[in-house]
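Here's data.txt, which has compact mmCIF, C-alpha atoms and all ligand atoms:
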```txt
# COMPACT_ATOMS: atom_id res chain seq x y z
CA MET N 1 14.03 -54.37 -1.31
CA MET N 2 10.79 -56.17 -2.19
CA ASN N 3 10.08 -56.65 1.49
CA GLU N 4 10.41 -52.95 2.10
CA GLN N 5 8.10 -52.21 -0.81
CA SER N 6 5.41 -54.53 0.44
CA MET N 7 5.74 -53.35 4.05
CA ASN N 8 4.80 -49.80 3.21
CA GLU N 9 3.87 -49.51 -0.41
CA LEU N 10 3.10 -45.83 -0.55
CA ALA N 11 5.88 -44.51 1.67
CA ILE N 12 8.36 -42.39 -0.26
CA ILE N 13 10.43 -41.56 2.82
CA VAL N 14 10.89 -43.61 5.98
CA LEU N 15 13.30 -42.41 8.67
CA GLU N 16 13.74 -44.64 11.70
CA ASP N 17 15.58 -43.30 14.73
CA VAL N 18 18.05 -41.39 12.59
CA THR N 19 20.98 -39.65 14.25
CA ARG N 20 23.72 -37.49 12.77
CA GLU N 21 26.66 -36.61 14.92
CA TYR N 22 29.55 -34.30 14.22
CA ASP N 23 32.74 -34.89 16.15
CA LEU N 24 34.45 -31.55 16.59
CA GLY N 25 37.69 -32.83 18.09
CA GLY N 26 36.30 -34.14 21.35
CA GLN N 27 32.97 -32.31 21.43
CA VAL N 28 30.18 -34.28 19.78
CA ILE N 29 27.35 -32.28 18.19
CA HIS N 30 24.06 -34.16 17.94
CA ALA N 31 22.68 -32.48 14.83
CA LEU N 32 19.96 -35.16 14.66
CA ASP N 33 19.12 -36.99 17.81
CA GLY N 34 16.71 -39.87 17.05
CA VAL N 35 14.42 -38.67 14.27
CA SER N 36 11.59 -40.87 12.95
CA PHE N 37 8.92 -40.01 10.44
CA ALA N 38 7.45 -41.24 7.17
CA VAL N 39 6.19 -39.34 4.15
CA GLN N 40 3.59 -41.05 1.99
CA GLN N 41 3.19 -40.68 -1.75
CA GLY N 42 1.32 -37.50 -2.63
CA GLU N 43 2.01 -35.67 0.64
CA TYR N 44 3.12 -32.04 0.85
CA VAL N 45 5.28 -31.58 3.93
CA ALA N 46 7.11 -28.57 5.35
CA ILE N 47 10.11 -29.12 7.61
CA MET N 48 10.40 -26.12 9.91
CA GLY N 49 12.23 -24.98 13.02
CA PRO N 50 14.67 -22.34 14.23
CA SER N 51 18.22 -22.00 13.00
CA GLY N 52 20.39 -24.88 14.18
CA SER N 53 17.45 -27.19 14.87
CA GLY N 54 18.51 -29.80 12.29
CA LYS N 55 16.52 -28.89 9.16
CA SER N 56 19.48 -28.84 6.77
CA THR N 57 20.91 -32.01 8.22
CA THR N 58 17.54 -33.72 7.70
CA MET N 59 17.34 -32.37 4.17
CA ASN N 60 20.84 -33.70 3.43
CA VAL N 61 19.93 -37.15 4.71
CA ILE N 62 16.60 -37.23 2.83
CA GLY N 63 18.36 -35.96 -0.31
CA CYS N 64 21.04 -38.69 -0.11
CA LEU N 65 23.67 -35.97 0.17
CA ASP N 66 24.75 -37.23 3.58
CA LEU N 67 24.41 -40.47 5.53
CA ALA N 68 22.94 -40.89 9.01
CA SER N 69 25.36 -41.81 11.82
CA SER N 70 22.84 -44.40 13.01
CA GLY N 71 19.27 -45.43 12.35
CA ARG N 72 17.70 -46.24 9.04
CA TYR N 73 16.58 -44.33 5.96
CA VAL N 74 14.47 -45.92 3.22
CA LEU N 75 13.78 -43.90 0.05
CA ASP N 76 11.06 -45.26 -2.24
CA GLY N 77 11.72 -48.77 -0.98
CA TYR N 78 15.53 -48.56 -1.18
CA ASP N 79 17.44 -48.83 2.06
CA VAL N 80 19.96 -46.01 1.80
CA THR N 81 21.77 -46.76 5.06
CA HIS N 82 24.72 -48.70 3.67
CA LEU N 83 24.94 -47.52 0.07
CA SER N 84 28.27 -46.53 -1.48
CA GLU N 85 28.82 -42.95 -2.66
CA ASP N 86 28.23 -43.98 -6.29
CA ASP N 87 25.00 -45.84 -5.56
CA LEU N 88 23.85 -42.95 -3.43
CA ALA N 89 24.46 -40.53 -6.31
CA ASP N 90 22.57 -42.80 -8.73
CA LEU N 91 19.63 -43.11 -6.38
CA ARG N 92 19.60 -39.35 -5.79
CA ASN N 93 19.54 -38.65 -9.54
CA GLN N 94 16.78 -41.16 -10.22
CA LYS N 95 14.51 -40.41 -7.32
CA ILE N 96 14.81 -36.78 -6.29
CA GLY N 97 14.20 -33.44 -7.96
CA PHE N 98 16.05 -30.73 -6.04
CA VAL N 99 15.02 -27.08 -5.81
CA PHE N 100 17.46 -24.72 -4.10
CA GLN N 101 17.25 -21.22 -2.68
CA ASN N 102 19.62 -19.81 -5.30
CA PHE N 103 18.19 -21.78 -8.22
CA ASN N 104 21.59 -23.34 -9.12
CA LEU N 105 21.11 -22.82 -12.85
CA LEU N 106 24.07 -22.87 -15.23
CA ALA N 107 24.67 -19.20 -16.05
CA ARG N 108 25.71 -19.26 -19.70
CA THR N 109 23.08 -21.81 -20.61
CA THR N 110 19.50 -21.28 -21.81
CA ALA N 111 16.44 -22.30 -19.81
CA LEU N 112 15.88 -25.15 -22.26
CA GLU N 113 19.44 -26.47 -21.90
CA ASN N 114 19.28 -26.18 -18.11
CA VAL N 115 16.16 -28.33 -18.08
CA GLU N 116 17.69 -30.82 -20.51
CA LEU N 117 20.76 -31.34 -18.33
CA PRO N 118 19.44 -34.01 -15.92
CA MET N 119 18.17 -35.99 -18.90
CA MET N 120 21.65 -35.90 -20.45
CA TYR N 121 23.04 -37.49 -17.27
CA ALA N 122 20.22 -40.04 -17.44
CA GLY N 123 21.10 -40.89 -21.07
CA VAL N 124 17.81 -39.77 -22.63
CA ALA N 125 17.98 -39.40 -26.43
CA ALA N 126 18.37 -35.83 -27.76
CA THR N 127 14.99 -35.55 -29.48
CA VAL N 128 13.14 -36.93 -26.46
CA ARG N 129 15.15 -34.61 -24.24
CA ARG N 130 14.17 -31.55 -26.20
CA LYS N 131 10.50 -32.52 -26.27
CA ARG N 132 10.32 -33.25 -22.55
CA ALA N 133 12.22 -30.07 -21.62
CA LEU N 134 9.82 -27.96 -23.71
CA GLU N 135 6.84 -29.66 -22.07
CA ALA N 136 8.27 -29.08 -18.60
CA LEU N 137 8.90 -25.39 -19.34
CA GLU N 138 5.39 -25.04 -20.66
CA ARG N 139 4.03 -26.60 -17.50
CA VAL N 140 5.71 -23.87 -15.43
CA GLY N 141 4.47 -21.17 -17.80
CA LEU N 142 7.79 -20.36 -19.49
CA GLN N 143 7.13 -21.52 -23.04
CA ASP N 144 8.12 -18.11 -24.44
CA ARG N 145 11.35 -17.89 -22.41
CA VAL N 146 12.98 -21.18 -23.34
CA HIS N 147 15.94 -19.57 -25.14
CA ASN N 148 16.66 -17.03 -22.42
CA ARG N 149 19.64 -17.35 -20.09
CA PRO N 150 19.27 -17.04 -16.30
CA ASN N 151 20.46 -13.38 -16.23
CA GLU N 152 17.65 -12.52 -18.66
CA LEU N 153 15.03 -13.94 -16.31
CA SER N 154 13.55 -12.66 -13.04
CA GLY N 155 14.18 -14.58 -9.81
CA GLY N 156 10.70 -16.11 -9.97
CA GLN N 157 11.26 -17.19 -13.56
CA GLN N 158 14.65 -18.68 -12.70
CA GLN N 159 13.08 -20.69 -9.91
CA ARG N 160 10.42 -21.91 -12.34
CA VAL N 161 13.19 -23.12 -14.66
CA ALA N 162 14.76 -24.90 -11.67
CA ILE N 163 11.41 -26.53 -10.86
CA ALA N 164 11.00 -27.65 -14.49
CA ARG N 165 14.51 -29.12 -14.27
CA ALA N 166 13.65 -30.85 -10.99
CA MET N 167 10.53 -32.44 -12.55
CA VAL N 168 11.88 -33.53 -15.87
CA ASN N 169 13.19 -36.97 -14.87
CA ARG N 170 9.87 -37.68 -13.12
CA PRO N 171 11.28 -37.98 -9.60
CA VAL N 172 9.32 -39.66 -6.80
CA LEU N 173 10.17 -36.71 -4.54
CA ILE N 174 10.59 -32.97 -4.97
CA LEU N 175 12.94 -31.73 -2.26
CA ALA N 176 13.11 -27.95 -1.90
CA ASP N 177 15.52 -26.07 0.36
CA GLU N 178 14.25 -22.54 1.20
CA PRO N 179 12.91 -22.29 -2.36
CA THR N 180 11.60 -18.74 -1.93
CA GLY N 181 14.46 -17.42 0.22
CA ALA N 182 15.78 -15.27 -2.63
CA LEU N 183 12.39 -14.13 -3.97
CA ASP N 184 10.10 -11.14 -3.42
CA THR N 185 6.57 -11.57 -2.09
CA HIS N 186 4.90 -11.75 -5.48
CA SER N 187 7.30 -14.36 -6.86
CA THR N 188 7.05 -16.29 -3.59
CA GLU N 189 3.29 -16.62 -3.99
CA GLU N 190 3.75 -17.68 -7.59
CA ILE N 191 6.27 -20.38 -6.72
CA MET N 192 4.12 -21.63 -3.84
CA GLY N 193 1.18 -21.79 -6.27
CA LEU N 194 3.29 -23.87 -8.60
CA PHE N 195 4.24 -26.33 -5.84
CA GLU N 196 0.55 -26.65 -4.96
CA GLU N 197 -0.34 -27.40 -8.55
CA LEU N 198 2.42 -30.03 -8.75
CA ASN N 199 1.17 -31.57 -5.51
CA ARG N 200 -2.41 -31.65 -6.81
CA GLN N 201 -1.07 -33.57 -9.80
CA GLY N 202 0.17 -36.22 -7.37
CA ASN N 203 3.78 -35.19 -6.75
CA THR N 204 5.26 -35.72 -3.28
CA ILE N 205 6.86 -32.52 -1.99
CA VAL N 206 9.09 -31.81 1.00
CA ILE N 207 10.04 -28.18 1.61
CA VAL N 208 12.62 -27.11 4.18
CA THR N 209 11.97 -23.55 5.34
CA HIS N 210 12.17 -21.29 8.35
CA GLU N 211 9.53 -18.95 6.88
CA ALA N 212 6.08 -19.44 8.41
CA ASP N 213 4.37 -18.00 5.29
CA VAL N 214 6.00 -20.65 3.14
CA GLY N 215 5.38 -23.56 5.51
CA ALA N 216 1.74 -22.50 5.71
CA HIS N 217 1.15 -23.84 2.19
CA ALA N 218 1.96 -27.43 3.16
CA ASP N 219 -0.53 -30.09 4.30
CA ARG N 220 1.66 -31.16 7.17
CA ILE N 221 4.30 -29.42 9.23
CA ILE N 222 7.17 -31.21 10.97
CA ARG N 223 8.84 -28.90 13.47
CA PHE N 224 12.38 -29.49 14.66
CA ARG N 225 14.08 -28.30 17.81
CA ASP N 226 17.55 -29.26 19.01
CA GLY N 227 17.86 -32.11 16.52
CA ARG N 228 14.55 -33.69 17.44
CA ILE N 229 11.01 -33.52 16.18
CA GLU N 230 9.08 -31.11 18.36
CA SER N 231 5.78 -31.61 16.56
CA ASP N 232 4.47 -33.38 13.48
CA ALA N 233 0.90 -32.55 12.56
CA PRO N 234 -1.49 -31.67 9.76
CA ASN N 235 -1.51 -27.96 8.97
CA PRO N 236 -4.84 -26.61 10.21
CA ARG N 237 -4.46 -23.27 8.45
CA ARG N 238 -3.33 -24.32 5.04
CA ILE N 239 -3.05 -21.45 2.57
CA VAL N 240 -4.18 -22.26 -0.95
CA THR N 241 -3.01 -20.00 -3.76
CA MET N 242 -4.38 -19.89 -7.26
CA PRO N 243 -1.55 -21.33 -9.31
CA ALA N 244 0.04 -18.82 -11.64
CA VAL N 245 1.01 -21.23 -14.36
CA ARG N 246 0.24 -21.99 -17.99
CA GLY N 247 0.29 -19.26 -20.56
CA ARG N 248 2.06 -16.74 -18.36
CA SER N 249 5.71 -15.97 -18.04
CA ASP N 250 5.74 -12.54 -16.46
CA GLY N 251 6.62 -12.05 -12.80
P1 LIG J 1 19.23 -25.81 10.58
O1 LIG J 1 19.23 -26.21 9.15
O2 LIG J 1 17.91 -26.05 11.24
O3 LIG J 1 19.72 -24.42 10.80
P2 LIG J 1 21.45 -27.67 10.83
O4 LIG J 1 20.92 -28.99 10.40
O5 LIG J 1 22.24 -26.90 9.83
O6 LIG J 1 20.24 -26.78 11.38
O7 LIG J 1 22.35 -27.85 12.11
C1 LIG J 1 21.99 -28.62 13.24
C2 LIG J 1 23.16 -28.61 14.23
O8 LIG J 1 24.25 -29.32 13.70
C3 LIG J 1 23.65 -27.22 14.57
O9 LIG J 1 24.02 -27.21 15.91
C4 LIG J 1 24.86 -27.07 13.68
O10 LIG J 1 25.78 -26.17 14.24
C5 LIG J 1 25.40 -28.48 13.62
N1 LIG J 1 26.09 -28.75 12.36
C6 LIG J 1 25.54 -28.77 11.13
N2 LIG J 1 26.44 -29.07 10.19
C7 LIG J 1 27.63 -29.24 10.86
C8 LIG J 1 28.96 -29.58 10.45
N3 LIG J 1 29.27 -29.82 9.18
N4 LIG J 1 29.89 -29.68 11.40
C9 LIG J 1 29.59 -29.47 12.70
N5 LIG J 1 28.37 -29.16 13.14
C10 LIG J 1 27.39 -29.05 12.24
```

If you took the structure in this file and wrote it as C-alpha cells, what would it be?
Amino acid sequence: MMNEQSMNELAIIVLEDVTREYDLGGQVIHALDGVSFAVQQGEYVAIMGPSGSGKSTTMNVIGCLDLASSGRYVLDGYDVTHLSEDDLADLRNQKIGFVFQNFNLLARTTALENVELPMMYAGVAATVRRKRALEALERVGLQDRVHNRPNELSGGQQQRVAIARAMVNRPVLILADEPTGALDTHSTEEIMGLFEELNRQGNTIVIVTHEADVGAHADRIIRFRDGRIESDAPNPRRIVTMPAVRGRSDG
C-alpha cells in the first residue's frame, strides 16, 4: 500500500489493462477489453461513448461495485483487485461519493436525514452528523429545504440533496452516473454548475454520460468504443457555467 502511494501520490484512480468478461453460456462478451487510464487528484473527467461501449462496466469497476476479470485497479493507493466483498464495501463507503441518475434518496425521509445517512453508517456522532449535514445542504443552496421530503422537492433540488449526501463523508472521488439524465435543461445547467464549483474546491470528479452537453463541462473526456478507450484527451471546448449555489433553493 505504501509503495503504491509513493509511486503515484496524486493518483486517485489507476486502471491497468482492465478487462471484464461476461460468459453467457459459451459466448464470452468482452465488456472491457484492456482498459488503462489514471485520474489524478483534482481532475474532472467525463467518461463517454455510445450505448454498449463499456461506460457502466467501467463505472462499476471504479465504484468498487464490480471486480475486473483481469488487470489491476488501484483506488487512492489501495489495490482493489483481490479485496473481499466486505472490504470492497468498506473502501467504497470511505472513498467514493455516488451520484445517480434517479437520485436514490429515501422517499419518506427529509433532505437532512438523507444527508445524515452515510455518516450513520460511518459511526459519526449525532450532533456532528447534524452539523455536517446542515453545512453540506447549505453548500448546495438548500438551507431552507432541509426538512422537506424528496416528493416536496424538484428534480434539481433532489439531485442537490444527493450531491450533499455524496460529499458529506469527504470522499476522495465523486462518481456520477448520468447525473442529469432525469433533469430538465435548467436543472441540468444548475447541477453542472455545482459539479464545477465542487471541482474548483479541489474535488476529483468522474461523470459517466452519453450526453455531449454534459460531458462538455469536464476538463478531460475519455471516450469508449467496444470496451476499449477510443480517445482520452483534454476537452478543448470546456463549458463553464456560473454556479447556482449558496443562498438559492429554487429551480
Ligand atoms: P454502456 O454503459 O456504455 O452502455 P455497458 O458497460 O453497460 O455499456 O456494456 C458493455 C457491454 O457489456 C455490452 O455489450 C453489454 O451488453 C455487455 N454487458 C454489460 N453488462 C452485462 C451483463 N451483466 N451480462 C452480460 N453482458 C453484459

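For ligand LIG 1 (chain J), the neighbouring polymer residues at 6 Å or closer are Tyr22, Ala31, Pro50, Ser51, Gly52, Ser53, Gly54, Lys55, Ser56 and Thr57 of chain N, only C-alpha atoms and all ligand atoms being used.
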
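Here the question is which of N:Gly49, N:Gly42, N:Gly34, N:Gly25 gets nearest to Gln201 in chain N using only C-alpha atoms, and that residue is N:Gly42.
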
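Among the candidates N:Ser154, N:Thr19, N:Arg145, N:Ala164, the residue lying nearest to Arg132 in chain N is N:Ala164 (atoms considered: all atoms listed in the file).
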
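Taking only C-alpha atoms, the non-local environment of range 94-104 of chain N within 8 Å (same-chain residues fewer than 3 positions away omitted) comprises N:Gly63, N:Asp76, N:Asp90, N:Leu91, N:Gln158, N:Gln159, N:Ala162, N:Ile163, N:Arg165, N:Ala166, N:Met167, N:Asn169, N:Arg170, N:Pro171, N:Val172, N:Leu173, N:Ile174, N:Leu175, N:Ala176, N:Asp177, N:Glu178, N:Pro179, N:Thr180, N:Gly181, N:Ala182.
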
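For the pair CA of Leu67 in chain N and CA of Ile221 in chain N, the separation is 23.2 Å.
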
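Candidate residues N:Ile205, N:Val14, N:Leu112, N:Leu198 were compared for distance to Arg139 in chain N, and the nearest is N:Leu198, using only C-alpha atoms.
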
For a test of reading the model, state the distance in Å between CA of Leu65 in chain N and CA of Asp213 in chain N, rounded to one decimal. 26.9 Å

For a quick check of your reading of the model, name the residues lying within 8 Å of the coordinate (11.4, -41.8, 10.7), counting all atoms listed in the file, and write them as a PDB file with C-alpha atoms, in the frame of the given file.
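Generated output (selection.pdb):
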```pdb
ATOM      1  CA  ILE N  13      10.430 -41.560   2.820  1.00  0.00           C
ATOM      2  CA  VAL N  14      10.890 -43.610   5.980  1.00  0.00           C
ATOM      3  CA  LEU N  15      13.300 -42.410   8.670  1.00  0.00           C
ATOM      4  CA  GLU N  16      13.740 -44.640  11.700  1.00  0.00           C
ATOM      5  CA  ASP N  17      15.580 -43.300  14.730  1.00  0.00           C
ATOM      6  CA  VAL N  18      18.050 -41.390  12.590  1.00  0.00           C
ATOM      7  CA  VAL N  35      14.420 -38.670  14.270  1.00  0.00           C
ATOM      8  CA  SER N  36      11.590 -40.870  12.950  1.00  0.00           C
ATOM      9  CA  PHE N  37       8.920 -40.010  10.440  1.00  0.00           C
ATOM     10  CA  ALA N  38       7.450 -41.240   7.170  1.00  0.00           C
ATOM     11  CA  ARG N  72      17.700 -46.240   9.040  1.00  0.00           C
ATOM     12  CA  TYR N  73      16.580 -44.330   5.960  1.00  0.00           C
TER      13      TYR N  73
END
```

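Here CA of Asp79 in chain N stands at a distance of 24.5 Å from CA of Arg223 in chain N.
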
List the neighbours of Asp184 in chain N out to 10 Å using only C-alpha atoms; skip same-chain residues closer than 4 positions along the sequence, and give me the result as a PyMOL selection string. chain N and resi 155-156+180+188-189

Have a look at N:Ala46, N:Val28, N:Leu117, N:Ala11 and name the one nearest to His210 in chain N; count all atoms listed in the file. N:Ala46

Any idea what's packed within 10 Å of Met192 in chain N, counting all atoms listed in the file, ignoring anything in its chain fewer than 4 positions away? Could you give it as a PyMOL selection string? chain N and resi 179-180+187-188+196-198+213-218+239-244

Could you pull the residues within 7 Å of Arg220 in chain N, counting only C-alpha atoms, minus those fewer than 2 positions along the same chain, as a PyMOL selection string? chain N and resi 44-46+218+222+233-235
